[in-house]
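J.: File target-v4.txt follows (compact mmCIF, C-alpha atoms):
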# COMPACT_ATOMS: atom_id res chain seq x y z
CA MET A 665 228.93 88.20 -74.21
CA ASP A 666 232.65 88.49 -74.91
CA GLU A 667 233.14 89.92 -71.42
CA THR A 668 231.19 87.03 -69.91
CA LEU A 669 233.26 84.43 -71.73
CA ALA A 670 236.49 86.18 -70.77
CA ARG A 671 235.48 86.22 -67.11
CA LEU A 672 234.50 82.54 -67.22
CA ARG A 673 237.86 81.60 -68.69
CA GLU A 674 239.66 83.73 -66.14
CA LEU A 675 237.93 81.93 -63.27
CA ALA A 676 238.37 78.51 -64.87
CA ALA A 677 242.13 79.10 -64.97
CA GLN A 678 242.10 79.20 -61.16
CA TRP A 679 240.45 75.77 -60.80
CA ARG A 680 242.73 72.79 -60.16
CA ARG A 681 240.44 69.83 -59.47
CA LYS A 682 239.41 67.09 -61.88
CA HIS A 683 236.41 65.83 -59.88
CA LEU A 684 233.63 67.24 -57.71
CA LEU A 685 233.02 64.61 -55.06
CA GLY A 686 231.94 66.65 -52.03
CA LEU A 687 232.20 69.99 -50.27
CA GLU A 688 234.09 68.51 -47.33
CA GLU A 689 237.28 68.38 -49.38
CA LEU A 690 236.93 71.85 -50.94
CA SER A 691 238.44 75.02 -49.49
CA ALA A 692 236.42 78.18 -48.90
CA ASP A 693 238.12 79.75 -51.94
CA GLU A 694 237.17 76.81 -54.16
CA ILE A 695 233.55 76.94 -53.00
CA SER A 696 233.46 80.70 -53.62
CA LEU A 697 234.92 80.18 -57.09
CA LEU A 698 232.20 77.68 -57.96
CA LEU A 699 229.56 80.10 -56.69
CA ASP A 700 231.07 82.99 -58.67
CA VAL A 701 230.99 80.97 -61.90
CA ALA A 702 227.44 79.82 -61.20
CA ASP A 703 226.39 83.41 -60.58
CA ILE A 704 227.75 84.40 -63.99
CA PHE A 705 225.71 81.67 -65.66
CA ARG A 706 222.63 82.67 -63.68
CA ARG A 707 222.99 86.32 -64.74
CA ALA A 708 223.42 85.16 -68.35
CA PHE A 709 220.06 83.34 -68.03
CA ASP A 710 218.47 86.47 -66.64
CA GLY A 711 219.87 88.40 -69.59
CA GLY A 712 218.19 86.10 -72.07
CA GLU A 713 221.09 83.77 -72.90
CA ARG A 714 219.95 80.17 -73.11
CA LYS A 715 223.09 78.55 -74.52
CA LEU A 716 226.79 79.16 -74.04
CA PRO A 717 228.56 76.60 -76.28
CA LEU A 718 231.63 76.17 -74.12
CA LEU A 719 231.59 72.36 -74.13
CA THR A 720 230.73 71.66 -77.77
CA GLY A 721 232.04 68.23 -78.73
CA ARG A 722 232.13 67.00 -75.15
CA THR A 723 229.97 64.15 -73.82
CA CYS A 724 228.47 63.77 -70.34
CA VAL A 725 226.82 60.63 -68.99
CA ASN A 726 224.18 60.67 -66.25
CA LEU A 727 224.93 57.43 -64.39
CA PHE A 728 222.01 57.22 -61.96
CA PHE A 729 221.39 54.15 -59.81
CA GLU A 730 218.68 55.85 -57.75
CA ASN A 731 215.47 57.46 -58.93
CA SER A 732 215.77 61.15 -59.69
CA THR A 733 213.83 63.61 -61.77
CA ARG A 734 214.99 67.01 -60.59
CA THR A 735 218.74 66.39 -60.31
CA ARG A 736 219.03 64.31 -63.48
CA THR A 737 217.05 66.85 -65.51
CA SER A 738 219.07 69.72 -64.06
CA PHE A 739 222.40 68.11 -64.99
CA SER A 740 221.08 67.28 -68.48
CA LEU A 741 219.93 70.86 -69.06
CA ALA A 742 223.20 72.22 -67.71
CA ALA A 743 225.28 70.08 -70.08
CA ARG A 744 223.09 70.86 -73.10
CA ARG A 745 223.14 74.59 -72.41
CA LEU A 746 226.92 74.36 -72.54
CA GLY A 747 226.70 72.57 -75.89
CA ALA A 748 227.69 69.10 -74.65
CA ASP A 749 226.10 65.83 -75.70
CA VAL A 750 224.22 63.99 -72.95
CA VAL A 751 223.62 60.28 -72.42
CA ASP A 752 221.13 59.15 -69.77
CA PHE A 753 221.99 55.74 -68.31
CA SER A 754 219.27 53.51 -66.92
CA ALA A 755 220.50 51.06 -64.28
CA SER A 756 217.37 48.92 -64.49
CA THR A 757 218.00 48.01 -68.14
CA SER A 758 221.80 47.81 -67.99
CA SER A 759 224.23 44.90 -67.77
CA LEU A 760 224.36 45.45 -64.03
CA SER A 761 221.34 43.15 -63.91
CA LYS A 762 223.59 40.50 -65.52
CA GLY A 763 226.28 40.80 -62.87
CA GLU A 764 228.52 43.57 -64.24
CA THR A 765 230.14 45.80 -61.61
CA VAL A 766 229.60 49.53 -61.32
CA ILE A 767 233.27 50.14 -62.15
CA ASP A 768 233.11 47.99 -65.29
CA THR A 769 229.93 49.73 -66.40
CA ALA A 770 231.56 53.14 -65.95
CA LYS A 771 234.75 52.04 -67.72
CA ASN A 772 232.78 50.77 -70.69
CA LEU A 773 230.97 54.09 -70.95
CA GLU A 774 234.26 55.97 -70.68
CA ALA A 775 235.71 53.83 -73.48
CA MET A 776 233.02 55.26 -75.78
CA GLY A 777 234.56 58.71 -75.47
CA VAL A 778 232.91 60.18 -72.37
CA ASP A 779 234.35 63.33 -70.78
CA ALA A 780 232.32 63.41 -67.55
CA VAL A 781 230.32 60.94 -65.49
CA VAL A 782 227.60 62.32 -63.24
CA VAL A 783 226.86 59.57 -60.73
CA ARG A 784 224.11 59.02 -58.17
CA HIS A 785 224.28 55.87 -56.09
CA GLN A 786 222.75 54.60 -52.87
CA THR A 787 226.17 53.55 -51.49
CA PRO A 788 228.33 56.27 -49.90
CA GLY A 789 231.73 56.60 -51.55
CA THR A 790 230.73 55.31 -54.98
CA PRO A 791 231.74 58.56 -56.77
CA HIS A 792 235.12 58.44 -55.00
CA LEU A 793 235.61 54.83 -56.14
CA LEU A 794 234.84 55.77 -59.74
CA ALA A 795 237.18 58.76 -59.56
CA GLN A 796 239.98 56.35 -58.62
CA ASN A 797 239.25 54.10 -61.61
CA LEU A 798 238.32 56.49 -64.43
CA HIS A 799 240.32 59.00 -66.44
CA CYS A 800 237.36 61.31 -67.06
CA SER A 801 235.84 63.74 -64.57
CA VAL A 802 233.40 62.42 -61.97
CA LEU A 803 230.66 64.55 -60.42
CA ASN A 804 228.80 63.35 -57.35
CA ALA A 805 225.03 63.74 -57.77
CA GLY A 806 224.34 62.14 -54.39
CA ASP A 807 225.91 59.09 -52.73
CA GLY A 808 223.51 57.62 -50.21
CA PRO A 809 223.30 59.76 -47.07
CA HIS A 810 226.87 61.04 -47.53
CA GLU A 811 227.00 64.17 -49.74
CA HIS A 812 225.18 66.00 -52.51
CA PRO A 813 227.63 68.77 -53.37
CA THR A 814 225.72 70.52 -56.14
CA GLN A 815 222.57 70.66 -53.97
CA GLY A 816 224.61 72.22 -51.20
CA LEU A 817 226.10 74.71 -53.64
CA LEU A 818 222.74 75.70 -55.12
CA ASP A 819 221.30 76.22 -51.64
CA ILE A 820 224.27 78.41 -50.70
CA LEU A 821 224.08 80.32 -53.99
CA THR A 822 220.39 81.01 -53.35
CA ILE A 823 221.20 82.39 -49.91
CA ARG A 824 224.01 84.55 -51.27
CA ARG A 825 221.90 85.96 -54.09
CA ARG A 826 218.95 86.73 -51.79
CA LEU A 827 220.80 87.98 -48.70
CA GLY A 828 224.04 89.19 -50.25
CA ARG A 829 226.39 87.18 -48.04
CA ILE A 830 227.00 83.95 -46.16
CA GLU A 831 229.41 85.04 -43.46
CA GLY A 832 227.70 85.91 -40.19
CA LEU A 833 224.33 84.39 -41.09
CA THR A 834 222.57 81.82 -38.92
CA VAL A 835 221.23 78.95 -41.03
CA ALA A 836 219.01 76.21 -39.60
CA LEU A 837 218.74 72.82 -41.28
CA VAL A 838 215.48 71.31 -40.07
CA GLY A 839 214.27 67.73 -40.37
CA ASP A 840 215.93 64.43 -41.23
CA ILE A 841 219.56 65.31 -40.54
CA ALA A 842 220.56 61.69 -39.93
CA HIS A 843 219.81 60.53 -43.47
CA SER A 844 220.34 63.75 -45.43
CA ARG A 845 223.23 64.11 -47.87
CA THR A 846 221.96 67.64 -48.52
CA ALA A 847 222.46 68.51 -44.84
CA ARG A 848 226.04 67.30 -44.88
CA SER A 849 227.00 69.26 -47.99
CA ASN A 850 225.28 72.37 -46.63
CA ILE A 851 227.09 72.05 -43.32
CA TRP A 852 230.52 71.76 -44.92
CA GLY A 853 229.91 74.62 -47.34
CA LEU A 854 228.19 77.01 -44.95
CA LYS A 855 230.72 76.50 -42.16
CA LYS A 856 233.66 77.14 -44.48
CA LEU A 857 232.07 80.37 -45.69
CA GLY A 858 231.52 81.67 -42.16
CA ALA A 859 227.88 80.89 -41.37
CA HIS A 860 226.61 79.60 -38.03
CA VAL A 861 224.73 76.35 -38.62
CA ILE A 862 222.00 74.83 -36.46
CA VAL A 863 220.66 71.33 -37.07
CA CYS A 864 217.16 70.85 -35.71
CA GLY A 865 214.73 67.95 -35.54
CA PRO A 866 213.61 65.02 -33.40
CA SER A 867 216.29 63.53 -31.15
CA THR A 868 216.08 60.32 -33.20
CA LEU A 869 217.25 62.25 -36.29
CA VAL A 870 219.60 64.84 -34.77
CA SER A 871 222.67 63.61 -32.92
CA PRO A 872 224.58 65.71 -30.34
CA LEU A 873 227.72 64.50 -32.14
CA TRP A 874 227.17 67.22 -34.75
CA ALA A 875 228.53 69.59 -32.12
CA ASP A 876 231.96 68.02 -32.75
CA LEU A 877 231.92 69.75 -36.15
CA GLY A 878 231.10 73.13 -34.66
CA VAL A 879 227.42 72.81 -35.46
CA GLU A 880 224.74 73.75 -32.93
CA TYR A 881 221.93 71.25 -32.43
CA SER A 882 218.40 71.76 -31.17
CA TYR A 883 215.31 69.63 -30.73
CA SER A 884 212.96 72.63 -30.72
CA LEU A 885 212.20 74.61 -33.87
CA ASP A 886 210.21 77.18 -31.91
CA ALA A 887 213.19 77.88 -29.65
CA ILE A 888 215.56 78.78 -32.51
CA LEU A 889 213.15 80.59 -34.85
CA PRO A 890 213.71 84.16 -33.56
CA ARG A 891 217.46 84.13 -34.32
CA VAL A 892 217.57 82.32 -37.65
CA ASP A 893 218.24 84.10 -40.96
CA VAL A 894 217.64 81.07 -43.19
CA LEU A 895 215.50 77.96 -42.73
CA ASN A 896 216.34 74.99 -44.93
CA LEU A 897 213.51 72.46 -44.52
CA LEU A 898 214.68 68.95 -45.31
CA ARG A 899 212.41 66.15 -46.46
CA ILE A 900 211.77 63.23 -44.11
CA GLN A 901 213.45 60.33 -45.95
CA PHE A 902 211.30 57.39 -45.01
CA GLU A 903 212.96 55.31 -47.75
CA ARG A 904 216.32 55.42 -45.91
CA GLN A 905 214.98 54.70 -42.45
CA THR A 906 214.95 51.25 -40.87
CA SER A 907 212.50 52.28 -38.14
CA ARG A 908 209.98 55.09 -37.71
CA PRO A 909 211.86 57.95 -35.96
CA PHE A 910 208.75 59.60 -34.48
CA PRO A 911 205.29 58.37 -33.45
CA SER A 912 203.36 59.93 -36.33
CA VAL A 913 203.55 62.40 -39.19
CA ALA A 914 200.95 64.51 -37.38
CA GLU A 915 203.26 64.86 -34.39
CA TYR A 916 206.17 65.85 -36.65
CA VAL A 917 203.99 68.48 -38.32
CA SER A 918 202.96 69.95 -34.96
CA LEU A 919 206.58 70.30 -33.82
CA TYR A 920 208.58 71.03 -36.97
CA ALA A 921 206.42 72.07 -39.93
CA MET A 922 206.96 75.66 -41.06
CA ASP A 923 203.56 77.32 -41.22
CA ALA A 924 202.12 80.84 -41.20
CA GLU A 925 201.92 80.97 -37.41
CA ARG A 926 205.60 80.09 -36.99
CA LEU A 927 206.51 82.53 -39.75
CA LYS A 928 205.17 85.37 -37.59
CA ARG A 929 207.80 84.56 -34.96
CA THR A 930 210.79 84.77 -37.31
CA LYS A 931 212.98 87.64 -38.40
CA GLU A 932 211.30 89.95 -40.89
CA GLY A 933 213.59 88.95 -43.75
CA ILE A 934 213.66 85.20 -43.07
CA LEU A 935 214.55 83.10 -46.11
CA VAL A 936 212.84 79.72 -46.50
CA LEU A 937 214.47 76.97 -48.57
CA ALA A 938 213.40 73.40 -49.23
CA PRO A 939 215.36 71.01 -51.45
CA GLY A 940 212.80 69.20 -53.57
CA PRO A 941 210.74 67.22 -53.62
CA ILE A 942 208.79 68.96 -50.88
CA ASN A 943 206.00 67.31 -48.93
CA ARG A 944 203.41 70.07 -48.61
CA GLY A 945 201.80 69.97 -45.23
CA VAL A 946 204.65 67.96 -43.67
CA GLU A 947 207.88 69.99 -43.72
CA VAL A 948 206.19 73.17 -44.92
CA THR A 949 202.63 74.35 -45.51
CA ALA A 950 201.50 75.52 -48.94
CA ASP A 951 201.11 79.18 -47.94
CA VAL A 952 204.73 79.35 -46.75
CA ALA A 953 206.11 77.33 -49.69
CA ASP A 954 204.42 79.70 -52.14
CA GLY A 955 204.92 82.88 -50.12
CA SER A 956 207.31 85.82 -50.47
CA HIS A 957 209.86 84.39 -48.01
CA SER A 958 210.25 81.21 -50.05
CA ALA A 959 213.01 80.71 -52.62
CA ILE A 960 212.15 77.11 -53.46
CA LEU A 961 211.71 77.59 -57.21
CA GLU A 962 214.70 79.92 -57.30
CA GLN A 963 216.74 77.03 -55.89
CA VAL A 964 215.74 74.94 -58.90
CA THR A 965 216.81 77.66 -61.33
CA ASN A 966 220.08 78.16 -59.49
CA GLY A 967 220.65 74.41 -59.64
CA VAL A 968 221.08 74.51 -63.41
CA ALA A 969 223.57 77.37 -63.08
CA VAL A 970 225.55 75.53 -60.39
CA ARG A 971 225.76 72.38 -62.48
CA MET A 972 226.84 74.38 -65.51
CA ALA A 973 229.58 75.87 -63.35
CA ALA A 974 230.74 72.46 -62.15
CA LEU A 975 230.78 70.99 -65.66
CA TRP A 976 232.57 74.00 -67.11
CA LEU A 977 235.29 74.04 -64.45
CA LEU A 978 235.91 70.29 -64.60
CA VAL A 979 235.37 69.45 -68.26
CA GLY A 980 236.23 72.81 -69.82
CA ASN A 981 239.57 72.85 -68.05
CA ALA A 982 240.39 69.48 -69.56
CA ALA A 983 240.04 70.87 -73.09
Rewrite the structure from the file as C-alpha cells, please.

T.:
Amino acid sequence: MDETLARLRELAAQWRRKHLLGLEELSADEISLLLDVADIFRRAFDGGERKLPLLTGRTCVNLFFENSTRTRTSFSLAARRLGADVVDFSASTSSLSKGETVIDTAKNLEAMGVDAVVVRHQTPGTPHLLAQNLHCSVLNAGDGPHEHPTQGLLDILTIRRRLGRIEGLTVALVGDIAHSRTARSNIWGLKKLGAHVIVCGPSTLVSPLWADLGVEYSYSLDAILPRVDVLNLLRIQFERQTSRPFPSVAEYVSLYAMDAERLKRTKEGILVLAPGPINRGVEVTADVADGSHSAILEQVTNGVAVRMAALWLLVGNAA
C-alpha cells in the first residue's frame, strides 16, 4: 500500500490543472496520466482495497441538473472511497425554481466549504462558466451534447486494459453521433492517443464534417466491421432530438444493431463497448451484450476508478 500511495503522489505532482472540463483541451500526456492513475486505483480494487483515504476532510458536491443514476452514483462512490464527504444536489427542490441562477447556486454551495463541484447540465459550456466563477475545482459530468470527459476516459481505459494499447487501433463509434457527448470525448481522447476513429450511423446522425477532425465517417456498419478492433455502441438519444432521424426503430436495428450474426464478421478479438444505459435489442442484442466480447460491466467498474483519479488529481493537488 505504501508503494501505491507513493506512486499516486508521484503522478499527482505532474498534474497542473484545477478543472476537468473536457478532453479537447487536454494533451496526450495529460490523458495518459489520468489513465495511469485510474489504472492504479483499479488494481487496488482488484487487490481488495475498498478505501484509500486520500481526500479525508474534503467535500464534493454532485450538482446535477439532468437525470442520472450511473454517473452520479459513480462519482459519489469515487469520492467516498477516497474518504471525502459527498453532497447530492437536487435541482428540482432547489432555489433554482425560485429564480436563482446556476452560478449563484454554485457559489452558495462553495461558500459552505466545498472543494469540488461535479456538474451535469443540459446546456453546453455550463461547467466552463462555473470554472470561471468558482474558486474550487469543477468536473464536467456531461454538458448537453458537448462533452463527457470521464465517460470518454473510462471507455479508453477499458480498451487499454483489454487490448493493451490505444495507438494503432481502429475504434468505431456507432449510433447517435450528432447528439452524443460521449462520442465527442471519445474522439478527442482516442485521436490524441493515436487511434483511428470511425463514426458510423444514419446520415441524419453522422455528418461528413467529422472528417475535418481527421475522423472517418461511414453510413454502413457492415462495411466497416471487418477492420474494426473496438465497437462503441452509442444509445439513440431520442430526448435530445427535435425530429425522428430514421423511419423506425426496426429499421435502425436492421442496419446498425450489433447481433450474433454481425459478430461473426468481425475480427476474432473484437471488443464491444456500450456506455449505459443500453437499450437491449436496439443498439445491441442481449447475447452480444452479455457475451465474452463485451466489456460493458467492466466499463462501469472502470468508471469509479477514473473518477477517483480525476478527484485525486484535482482536489488532492489543492491540499

J.: Counting all atoms listed in the file, note down every residue that has an atom within 7 Å of the point (215.3, 84.9, -48.2) (file coordinates), as an MDAnalysis selection string.

T.: chainID A and resid 823 826:827 894 933:936 957:959

J.: Quick one: distance from CA of Gly853 (chain A) to CA of Gln786 (chain A) in Å, one decimal?

T.: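 These two atoms are separated by 22.0 Å.
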
J.: So that I can see what lies close to region 751-753 of chain A, please list as a PyMOL selection string the residues with an atom at most 6 Å from it, counting only C-alpha atoms and leaving out residues fewer than 2 positions away in the same chain.

T.: chain A and resi 725-727

J.: Give me, as a Markdown table, each residue of region 862-970 of chain A that comes within 7 Å of region 696-710 of chain A, together with its shortest interatomic pair and the distance in Å at one decimal, counting only C-alpha atoms, with rows ordered by chain and rising residue number.

T.:
| residue | atom | partner | partner_atom | distance |
| --- | --- | --- | --- | --- |
| A:Asn966 | CA | A:Arg706 | CA | 6.7 |
| A:Ala969 | CA | A:Ala702 | CA | 5.0 |
| A:Val970 | CA | A:Ala702 | CA | 4.8 |

J.: Grab the CA of Cys800 (chain A) to CA of Leu719 (chain A) distance for me, in Å with one decimal place.

T.: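 Interatomic distance here is 14.3 Å.
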
J.: One decimal, in Å: what's the spacing between CA of Val892 (chain A) and CA of Leu833 (chain A)?

T.: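 Taking CA of Val892 (chain A) as the start and CA of Leu833 (chain A) as the end point, the length is 7.9 Å.
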
J.: Box for region 931-948 of chain A - axis-aligned, 3 Å on each of the six sides, all listed atoms - centre and size in Å to one decimal, as AutoDock Vina command-line options.

T.:
--center_x 208.6 --center_y 78.6 --center_z -46.0 --size_x 19.6 --size_y 28.7 --size_z 21.2

J.: Please provide as a ChimeraX atom specification all residues within 8 Å of Val782 (chain A), with the sequence filter that same-chain residues fewer than 4 positions apart are discarded (counting only C-alpha atoms).

T.: /A:724-728,739,802-805

J.: Export C-alpha atoms of the chosen residues as a tab-separated table (two decimals), keeping the file's coordinate frame?

T.:
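Listing of part-v9.tsv after writing:
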chain	number	residue	atom	x	y	z
A	724	CYS	CA	228.47	63.77	-70.34
A	725	VAL	CA	226.82	60.63	-68.99
A	726	ASN	CA	224.18	60.67	-66.25
A	727	LEU	CA	224.93	57.43	-64.39
A	728	PHE	CA	222.01	57.22	-61.96
A	739	PHE	CA	222.40	68.11	-64.99
A	802	VAL	CA	233.40	62.42	-61.97
A	803	LEU	CA	230.66	64.55	-60.42
A	804	ASN	CA	228.80	63.35	-57.35
A	805	ALA	CA	225.03	63.74	-57.77

J.: Would you list the residues near (210.1, 75.9, -44.4), meaning any protein, DNA or RNA residue with an atom at most 12 Å from that point in file coordinates, counting all atoms listed in the file, as a PDB file with C-alpha atoms, keeping the file's coordinate frame?

T.:
ATOM      1  CA  ALA A 836     219.010  76.210 -39.600  1.00  0.00           C
ATOM      2  CA  LEU A 837     218.740  72.820 -41.280  1.00  0.00           C
ATOM      3  CA  VAL A 838     215.480  71.310 -40.070  1.00  0.00           C
ATOM      4  CA  GLY A 839     214.270  67.730 -40.370  1.00  0.00           C
ATOM      5  CA  LEU A 885     212.200  74.610 -33.870  1.00  0.00           C
ATOM      6  CA  LEU A 889     213.150  80.590 -34.850  1.00  0.00           C
ATOM      7  CA  VAL A 892     217.570  82.320 -37.650  1.00  0.00           C
ATOM      8  CA  VAL A 894     217.640  81.070 -43.190  1.00  0.00           C
ATOM      9  CA  LEU A 895     215.500  77.960 -42.730  1.00  0.00           C
ATOM     10  CA  ASN A 896     216.340  74.990 -44.930  1.00  0.00           C
ATOM     11  CA  LEU A 897     213.510  72.460 -44.520  1.00  0.00           C
ATOM     12  CA  LEU A 898     214.680  68.950 -45.310  1.00  0.00           C
ATOM     13  CA  ARG A 899     212.410  66.150 -46.460  1.00  0.00           C
ATOM     14  CA  VAL A 917     203.990  68.480 -38.320  1.00  0.00           C
ATOM     15  CA  TYR A 920     208.580  71.030 -36.970  1.00  0.00           C
ATOM     16  CA  ALA A 921     206.420  72.070 -39.930  1.00  0.00           C
ATOM     17  CA  MET A 922     206.960  75.660 -41.060  1.00  0.00           C
ATOM     18  CA  ASP A 923     203.560  77.320 -41.220  1.00  0.00           C
ATOM     19  CA  ALA A 924     202.120  80.840 -41.200  1.00  0.00           C
ATOM     20  CA  GLU A 925     201.920  80.970 -37.410  1.00  0.00           C
ATOM     21  CA  ARG A 926     205.600  80.090 -36.990  1.00  0.00           C
ATOM     22  CA  LEU A 927     206.510  82.530 -39.750  1.00  0.00           C
ATOM     23  CA  THR A 930     210.790  84.770 -37.310  1.00  0.00           C
ATOM     24  CA  ILE A 934     213.660  85.200 -43.070  1.00  0.00           C
ATOM     25  CA  LEU A 935     214.550  83.100 -46.110  1.00  0.00           C
ATOM     26  CA  VAL A 936     212.840  79.720 -46.500  1.00  0.00           C
ATOM     27  CA  LEU A 937     214.470  76.970 -48.570  1.00  0.00           C
ATOM     28  CA  ALA A 938     213.400  73.400 -49.230  1.00  0.00           C
ATOM     29  CA  PRO A 939     215.360  71.010 -51.450  1.00  0.00           C
ATOM     30  CA  GLY A 940     212.800  69.200 -53.570  1.00  0.00           C
ATOM     31  CA  ILE A 942     208.790  68.960 -50.880  1.00  0.00           C
ATOM     32  CA  ASN A 943     206.000  67.310 -48.930  1.00  0.00           C
ATOM     33  CA  ARG A 944     203.410  70.070 -48.610  1.00  0.00           C
ATOM     34  CA  GLY A 945     201.800  69.970 -45.230  1.00  0.00           C
ATOM     35  CA  VAL A 946     204.650  67.960 -43.670  1.00  0.00           C
ATOM     36  CA  GLU A 947     207.880  69.990 -43.720  1.00  0.00           C
ATOM     37  CA  VAL A 948     206.190  73.170 -44.920  1.00  0.00           C
ATOM     38  CA  THR A 949     202.630  74.350 -45.510  1.00  0.00           C
ATOM     39  CA  ALA A 950     201.500  75.520 -48.940  1.00  0.00           C
ATOM     40  CA  ASP A 951     201.110  79.180 -47.940  1.00  0.00           C
ATOM     41  CA  VAL A 952     204.730  79.350 -46.750  1.00  0.00           C
ATOM     42  CA  ALA A 953     206.110  77.330 -49.690  1.00  0.00           C
ATOM     43  CA  ASP A 954     204.420  79.700 -52.140  1.00  0.00           C
ATOM     44  CA  GLY A 955     204.920  82.880 -50.120  1.00  0.00           C
ATOM     45  CA  SER A 956     207.310  85.820 -50.470  1.00  0.00           C
ATOM     46  CA  HIS A 957     209.860  84.390 -48.010  1.00  0.00           C
ATOM     47  CA  SER A 958     210.250  81.210 -50.050  1.00  0.00           C
ATOM     48  CA  ALA A 959     213.010  80.710 -52.620  1.00  0.00           C
ATOM     49  CA  ILE A 960     212.150  77.110 -53.460  1.00  0.00           C
TER      50      ILE A 960
END

J.: Please build the interface table for region 678-787 of chain A against region 976-980 of chain A with a cut-off of 12 Å, listing for each qualifying residue the nearest atom pair and the distance in Å to one decimal; count only C-alpha atoms, order rows by chain and increasing number, and write it as CSV.

T.:
residue,atom,partner,partner_atom,distance
A:Gln678,CA,A:Leu977,CA,9.2
A:Trp679,CA,A:Leu977,CA,6.6
A:Arg680,CA,A:Leu978,CA,8.5
A:Arg681,CA,A:Leu978,CA,6.9
A:Lys682,CA,A:Leu978,CA,5.5
A:His683,CA,A:Leu978,CA,6.5
A:Leu684,CA,A:Leu978,CA,7.9
A:Leu685,CA,A:Leu978,CA,11.5
A:Glu694,CA,A:Leu977,CA,10.8
A:Ile695,CA,A:Leu977,CA,11.9
A:Leu697,CA,A:Leu977,CA,9.6
A:Leu698,CA,A:Leu977,CA,8.1
A:Leu699,CA,A:Leu977,CA,11.4
A:Asp700,CA,A:Leu977,CA,11.5
A:Val701,CA,A:Leu977,CA,8.5
A:Ala702,CA,A:Trp976,CA,9.8
A:Ile704,CA,A:Trp976,CA,11.9
A:Phe705,CA,A:Trp976,CA,10.4
A:Leu716,CA,A:Trp976,CA,10.4
A:Pro717,CA,A:Trp976,CA,10.3
A:Leu718,CA,A:Gly980,CA,7.1
A:Leu719,CA,A:Gly980,CA,6.3
A:Thr720,CA,A:Gly980,CA,9.7
A:Gly721,CA,A:Gly980,CA,10.9
A:Arg722,CA,A:Val979,CA,8.0
A:Thr723,CA,A:Val979,CA,9.4
A:Cys724,CA,A:Val979,CA,9.2
A:Phe739,CA,A:Trp976,CA,11.9
A:Ala742,CA,A:Trp976,CA,9.6
A:Ala743,CA,A:Trp976,CA,8.8
A:Arg744,CA,A:Trp976,CA,11.6
A:Arg745,CA,A:Trp976,CA,10.8
A:Leu746,CA,A:Trp976,CA,7.8
A:Gly747,CA,A:Trp976,CA,10.7
A:Ala748,CA,A:Val979,CA,10.0
A:Val778,CA,A:Val979,CA,10.4
A:Asp779,CA,A:Val979,CA,6.7
A:Ala780,CA,A:Val979,CA,6.8
A:Val781,CA,A:Val979,CA,10.3
A:Val782,CA,A:Leu978,CA,11.6

J.: Name all residues at most 9 Å from Trp852 (chain A) (count all atoms listed in the file; drop same-chain ones fewer than 6 positions away) and give them as an mmCIF file with C-alpha atoms, keeping the file's coordinate frame.

T.:
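Final output, result-v9.cif:
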data_model
loop_
_atom_site.group_PDB
_atom_site.id
_atom_site.type_symbol
_atom_site.label_atom_id
_atom_site.label_comp_id
_atom_site.auth_asym_id
_atom_site.auth_seq_id
_atom_site.Cartn_x
_atom_site.Cartn_y
_atom_site.Cartn_z
ATOM 1 C CA GLY A 686 231.940 66.650 -52.030
ATOM 2 C CA LEU A 687 232.200 69.990 -50.270
ATOM 3 C CA GLU A 688 234.090 68.510 -47.330
ATOM 4 C CA GLU A 689 237.280 68.380 -49.380
ATOM 5 C CA LEU A 690 236.930 71.850 -50.940
ATOM 6 C CA GLY A 816 224.610 72.220 -51.200
#

J.: Can you tell me which residues surround Ile767 (chain A) at a distance of at most 9 Å, considering all atoms listed in the file, apart from same-chain residues fewer than 6 positions away, and format the answer as a list in words?

T.: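 Using all atoms listed in the file, the neighbours found are Leu793, Leu794, Asn797 and Leu798 of chain A.
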
J.: Compare A:Ala859, A:Ile900, A:Leu961, A:Leu773 by their minimum atom-to-atom distance to Arg824 (chain A), counting only C-alpha atoms, and give me the closest one.

T.: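 Of the candidates, the smallest distance to Arg824 (chain A) is held by A:Ala859.
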
J.: Return the single residue from A:Val783, A:Arg848, A:Gly789, A:Pro866 that is closest to Ser801 (chain A), with distances computed using all atoms listed in the file.

T.: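 Looking at the shortest contact to Ser801 (chain A), the residue is A:Val783.
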
J.: With distances taken over only C-alpha atoms, which residue among A:Thr737, A:Ser691, A:Gln796, A:Ser867 lies nearest Lys855 (chain A)?

T.: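 Looking at the shortest contact to Lys855 (chain A), the residue is A:Ser691.
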